[in-house]
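Novice: Before anything else, here's the structure in question.
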Amino acid sequence: MAPTRRAFLAAASGLLGTALLGTSGCGRGSYLTPEGTLSLWYWNRSISDTLLGKAPKAVGVPFVPQKIGSDYKSKFLTSLAGRAYVPDIVGLNDDVATYFPNSDEFIDLYELGAKDVESEYLQWKWARGVTPEGRMIGFPMDTGPTALFYRPDLFEQAGLPTEPDEVAAKLDTWEAYLEAGSQLVEALPKTKMLPNIPSTVYTQALAQQATRYLDEKNKFIGDGPQVKQAWDLAVEANRRKLSANADDWSTDWNAAMSTGRIATFVGAVWAGQILSDGANDTKGKWRVCRAPGGAGNAGGSFLGITKYCRDPEAAFKVISWLQSPENQLVYGLNEMKLYPAAISSIEDPRGQHKDPFFGGQVSNDVFATSAKEVKPVYLSPYDNVINPAFISELTNVWSAGKNPDAAWNDALTEVNRQLSHLGLI
């Protein structure tokens, strides 16, 4: 059964969905900026403020950027629901697929000439902003290629290799990584291999797959091997007691990273900034290399043009200039530490910096390889409804000792309940 518009809106925005349905026939009554200007919504650190300041003159299009604070998506959905004060241009996070059932709320960027620059961007990233019907609603901004972050000093004490290429070769599979983890915790009883089980094993292993929870017809395939294998790896990591039981980005996570209680984690490029901020006293002690299991991606965003935009052609000039390869390099990567989606930006020598936090390593070499090798995958509008069922039950295994088989079956039961509620089964 095809999901209804009501089911999507209920899942995406709760009561806002009802409001949107109730006003779907209304015209737009008011604008965010005066006639002759465009509005742009973005969140903190998603676009360089320096770049935004230069854009109106460079593009020849007057527009007013507005940095939205907390509850960004809710505020955007509220504006859509009321058909008033809707931004002309809007930042969309990595859950861009949640808008696919309502893609008619956006301008198809292919109709504005996006096809002309498609070859300049990573194919898998570009595809994530395109609906199964072929409408492009999201222009690529940043990405989140993943890698293995590790402490070579702790690896050396555990008798493991220390150089990035050697580590990547020995820990090339998740099975090898877990085996190395057992070796490390045996040699260093006060140190664990990784922070936690759900996000640093299951989520990262799943991100390396070519399929996930639903196919492009929104048929559930999440009981297949691509999910079960990631689940089993997490269960095995838990059985081996490799986790420090530290929640991501918490004060405990920071402390564990600072004190050497955690030796490694698989994470996205942006995690390096969090690590350096939270454990700055370990500067020079970390390295990065290819993640076990291969390339993956976590995070990244897009720019879209709403159907209420007063001048879509001008708006496309704005977003294509803001996210041009040159600007993704200079103002994205080099200024904001946002990893580019543009291929030439990734490869440009101006982005190859020796990073003191990683012992002078040019970490971009690792992330560039990962970014280019991410497998195209269909991320459905409902992944953010399904995924919590698996994470919740896996957390019960990790933190409460629940039987893994029972947890898996309970996760599937909850998924079936959610899919039935959405009208997908």
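Residue numbering restarts at 1 in every chain; chains get A, B, ... in the order shown in the structure tokens, and ligands count up from 1 in that same order.
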Env of Gly260 of chain A: 9 Å cut, atoms = only C-alpha atoms, seq-sep filter 2 positions within chain, self excluded. Answer as a PyMOL selection string.
Specialist: chain A and resi 151+154+190-192+255-258+262-263+282
Novice: I need the residues from that last selection saved to file as a compact mmCIF listing (two decimals), in the first residue's frame (with C-alpha atoms), if you can.
Specialist:
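The result, written out as out-v3.txt:
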```txt
# COMPACT_ATOMS: atom_id res chain seq x y z
CA ARG A 151 45.38 6.11 19.40
CA LEU A 154 47.69 2.57 22.91
CA LYS A 190 41.62 -0.08 31.78
CA THR A 191 41.16 0.74 28.09
CA LYS A 192 38.26 -0.18 25.85
CA ALA A 255 36.73 12.34 29.73
CA ALA A 256 37.21 8.84 28.34
CA MET A 257 38.91 10.21 25.23
CA SER A 258 41.15 12.45 27.33
CA ILE A 262 38.85 4.69 24.74
CA ALA A 263 41.35 3.72 22.05
CA THR A 282 45.46 14.49 23.62
```
Novice: Write out as a PyMOL selection string all residues of segment 72-261 of chain A that DSSP puts in alpha helix (DSSP H) for this structure's backbone.
Specialist: chain A and resi 72-82+123-127+152-157+164-170+174-187+204-206+225-239+251-259
Novice: Between A:Glu175, A:Glu373, A:Asp247, A:Asp215, which residue has the minimum interatomic distance to Lys125 of chain A, considering only C-alpha atoms?
Specialist: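 The closest residue to Lys125 of chain A is A:Glu373.
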Novice: Within segment 247-357 of chain A, find each residue whose DSSP state, derived from the backbone, is strand (DSSP E), and express the selection as a PyMOL selection string.
Specialist: chain A and resi 264-268+287-289+297-305
Novice: Could you write out the selected residues, including N, CA and C atoms, as a PDB file, in the first residue's frame?
Specialist:
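Written output follows (result15.pdb):
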```pdb
ATOM      1  N   THR A 264      39.709   3.800  20.247  1.00  0.00           N
ATOM      2  CA  THR A 264      39.291   3.990  18.866  1.00  0.00           C
ATOM      3  C   THR A 264      37.798   4.301  18.790  1.00  0.00           C
ATOM      4  N   PHE A 265      37.383   4.792  17.655  1.00  0.00           N
ATOM      5  CA  PHE A 265      35.967   4.800  17.279  1.00  0.00           C
ATOM      6  C   PHE A 265      35.883   5.044  15.785  1.00  0.00           C
ATOM      7  N   VAL A 266      34.835   4.529  15.173  1.00  0.00           N
ATOM      8  CA  VAL A 266      34.536   4.826  13.774  1.00  0.00           C
ATOM      9  C   VAL A 266      33.544   5.971  13.760  1.00  0.00           C
ATOM     10  N   GLY A 267      33.882   7.019  13.024  1.00  0.00           N
ATOM     11  CA  GLY A 267      33.009   8.186  13.002  1.00  0.00           C
ATOM     12  C   GLY A 267      33.223   9.019  11.763  1.00  0.00           C
ATOM     13  N   ALA A 268      32.355  10.006  11.589  1.00  0.00           N
ATOM     14  CA  ALA A 268      32.420  10.882  10.415  1.00  0.00           C
ATOM     15  C   ALA A 268      33.511  11.925  10.587  1.00  0.00           C
ATOM     16  N   ARG A 287      45.318   9.363  15.278  1.00  0.00           N
ATOM     17  CA  ARG A 287      45.495   9.226  13.842  1.00  0.00           C
ATOM     18  C   ARG A 287      44.160   8.771  13.254  1.00  0.00           C
ATOM     19  N   VAL A 288      44.048   8.835  11.935  1.00  0.00           N
ATOM     20  CA  VAL A 288      42.865   8.309  11.252  1.00  0.00           C
ATOM     21  C   VAL A 288      43.306   7.394  10.125  1.00  0.00           C
ATOM     22  N   CYS A 289      42.483   6.406   9.829  1.00  0.00           N
ATOM     23  CA  CYS A 289      42.741   5.511   8.697  1.00  0.00           C
ATOM     24  C   CYS A 289      41.405   4.988   8.191  1.00  0.00           C
ATOM     25  N   ASN A 297      29.116   6.965   5.260  1.00  0.00           N
ATOM     26  CA  ASN A 297      28.821   8.389   5.409  1.00  0.00           C
ATOM     27  C   ASN A 297      27.843   8.580   6.551  1.00  0.00           C
ATOM     28  N   ALA A 298      28.069   9.635   7.328  1.00  0.00           N
ATOM     29  CA  ALA A 298      27.163   9.993   8.417  1.00  0.00           C
ATOM     30  C   ALA A 298      26.998  11.501   8.428  1.00  0.00           C
ATOM     31  N   GLY A 299      25.846  11.972   8.009  1.00  0.00           N
ATOM     32  CA  GLY A 299      25.568  13.400   8.025  1.00  0.00           C
ATOM     33  C   GLY A 299      25.758  14.055   6.667  1.00  0.00           C
ATOM     34  N   GLY A 300      25.590  15.362   6.665  1.00  0.00           N
ATOM     35  CA  GLY A 300      25.647  16.131   5.427  1.00  0.00           C
ATOM     36  C   GLY A 300      24.311  16.798   5.158  1.00  0.00           C
ATOM     37  N   SER A 301      24.326  17.896   4.416  1.00  0.00           N
ATOM     38  CA  SER A 301      23.104  18.673   4.234  1.00  0.00           C
ATOM     39  C   SER A 301      22.922  19.140   2.791  1.00  0.00           C
ATOM     40  N   PHE A 302      21.811  19.860   2.571  1.00  0.00           N
ATOM     41  CA  PHE A 302      21.381  20.265   1.233  1.00  0.00           C
ATOM     42  C   PHE A 302      20.746  21.651   1.303  1.00  0.00           C
ATOM     43  N   LEU A 303      20.606  22.274   0.139  1.00  0.00           N
ATOM     44  CA  LEU A 303      19.807  23.486   0.004  1.00  0.00           C
ATOM     45  C   LEU A 303      18.676  23.211  -0.970  1.00  0.00           C
ATOM     46  N   GLY A 304      17.483  23.647  -0.599  1.00  0.00           N
ATOM     47  CA  GLY A 304      16.328  23.485  -1.462  1.00  0.00           C
ATOM     48  C   GLY A 304      15.649  24.822  -1.718  1.00  0.00           C
ATOM     49  N   ILE A 305      14.789  24.851  -2.737  1.00  0.00           N
ATOM     50  CA  ILE A 305      13.998  26.039  -3.069  1.00  0.00           C
ATOM     51  C   ILE A 305      12.530  25.665  -2.929  1.00  0.00           C
TER      52      ILE A 305
END
```
Novice: So how many Å separate atom CA of Leu206 of chain A and atom CA of Ala295 of chain A, to one decimal?
Specialist: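 Atom CA of Leu206 of chain A sits 10.7 Å away from atom CA of Ala295 of chain A.
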Novice: Between atom CA of Asn196 of chain A and atom CA of Gln157 of chain A, what is the distance in Å, rounded to a tenth?
Specialist: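 According to the coordinates, atom CA of Asn196 of chain A and atom CA of Gln157 of chain A are separated by 21.9 Å.
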Novice: Do you know which residues are at most 9 Å from Lys337 of chain A counting only C-alpha atoms, after dropping those on the same chain fewer than 3 positions away, and could you put them as an MDAnalysis selection string?
Specialist: chainID A and resid 269:270 273 331:334
Novice: Given the selection you just returned, output its residues as a file containing N, CA and C atoms, formatted as a compact mmCIF listing (two decimals), in the first residue's frame.
Specialist:
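The result, written out as result08.txt:
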```
# COMPACT_ATOMS: atom_id res chain seq x y z
N VAL A 269 33.87 12.56 9.50
CA VAL A 269 34.93 13.57 9.49
C VAL A 269 34.67 14.66 10.52
N TRP A 270 33.41 15.05 10.69
CA TRP A 270 33.09 16.13 11.63
C TRP A 270 33.34 15.73 13.09
N GLN A 273 36.46 17.30 14.89
CA GLN A 273 36.37 18.60 15.56
C GLN A 273 35.85 18.42 16.99
N TYR A 331 35.39 28.19 1.74
CA TYR A 331 34.57 28.59 2.88
C TYR A 331 33.95 27.40 3.61
N GLY A 332 33.84 26.25 2.93
CA GLY A 332 33.32 25.07 3.58
C GLY A 332 34.42 24.31 4.30
N LEU A 333 35.32 23.71 3.54
CA LEU A 333 36.36 22.87 4.12
C LEU A 333 37.38 23.67 4.92
N ASN A 334 37.96 24.69 4.30
CA ASN A 334 39.08 25.39 4.95
C ASN A 334 38.64 26.32 6.08
```
Novice: Please indicate the distance in Å from atom CA of Thr203 of chain A to atom CA of Pro388 of chain A, rounded to one decimal place.
Specialist: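 Here the two named atoms are 10.9 Å from each other.
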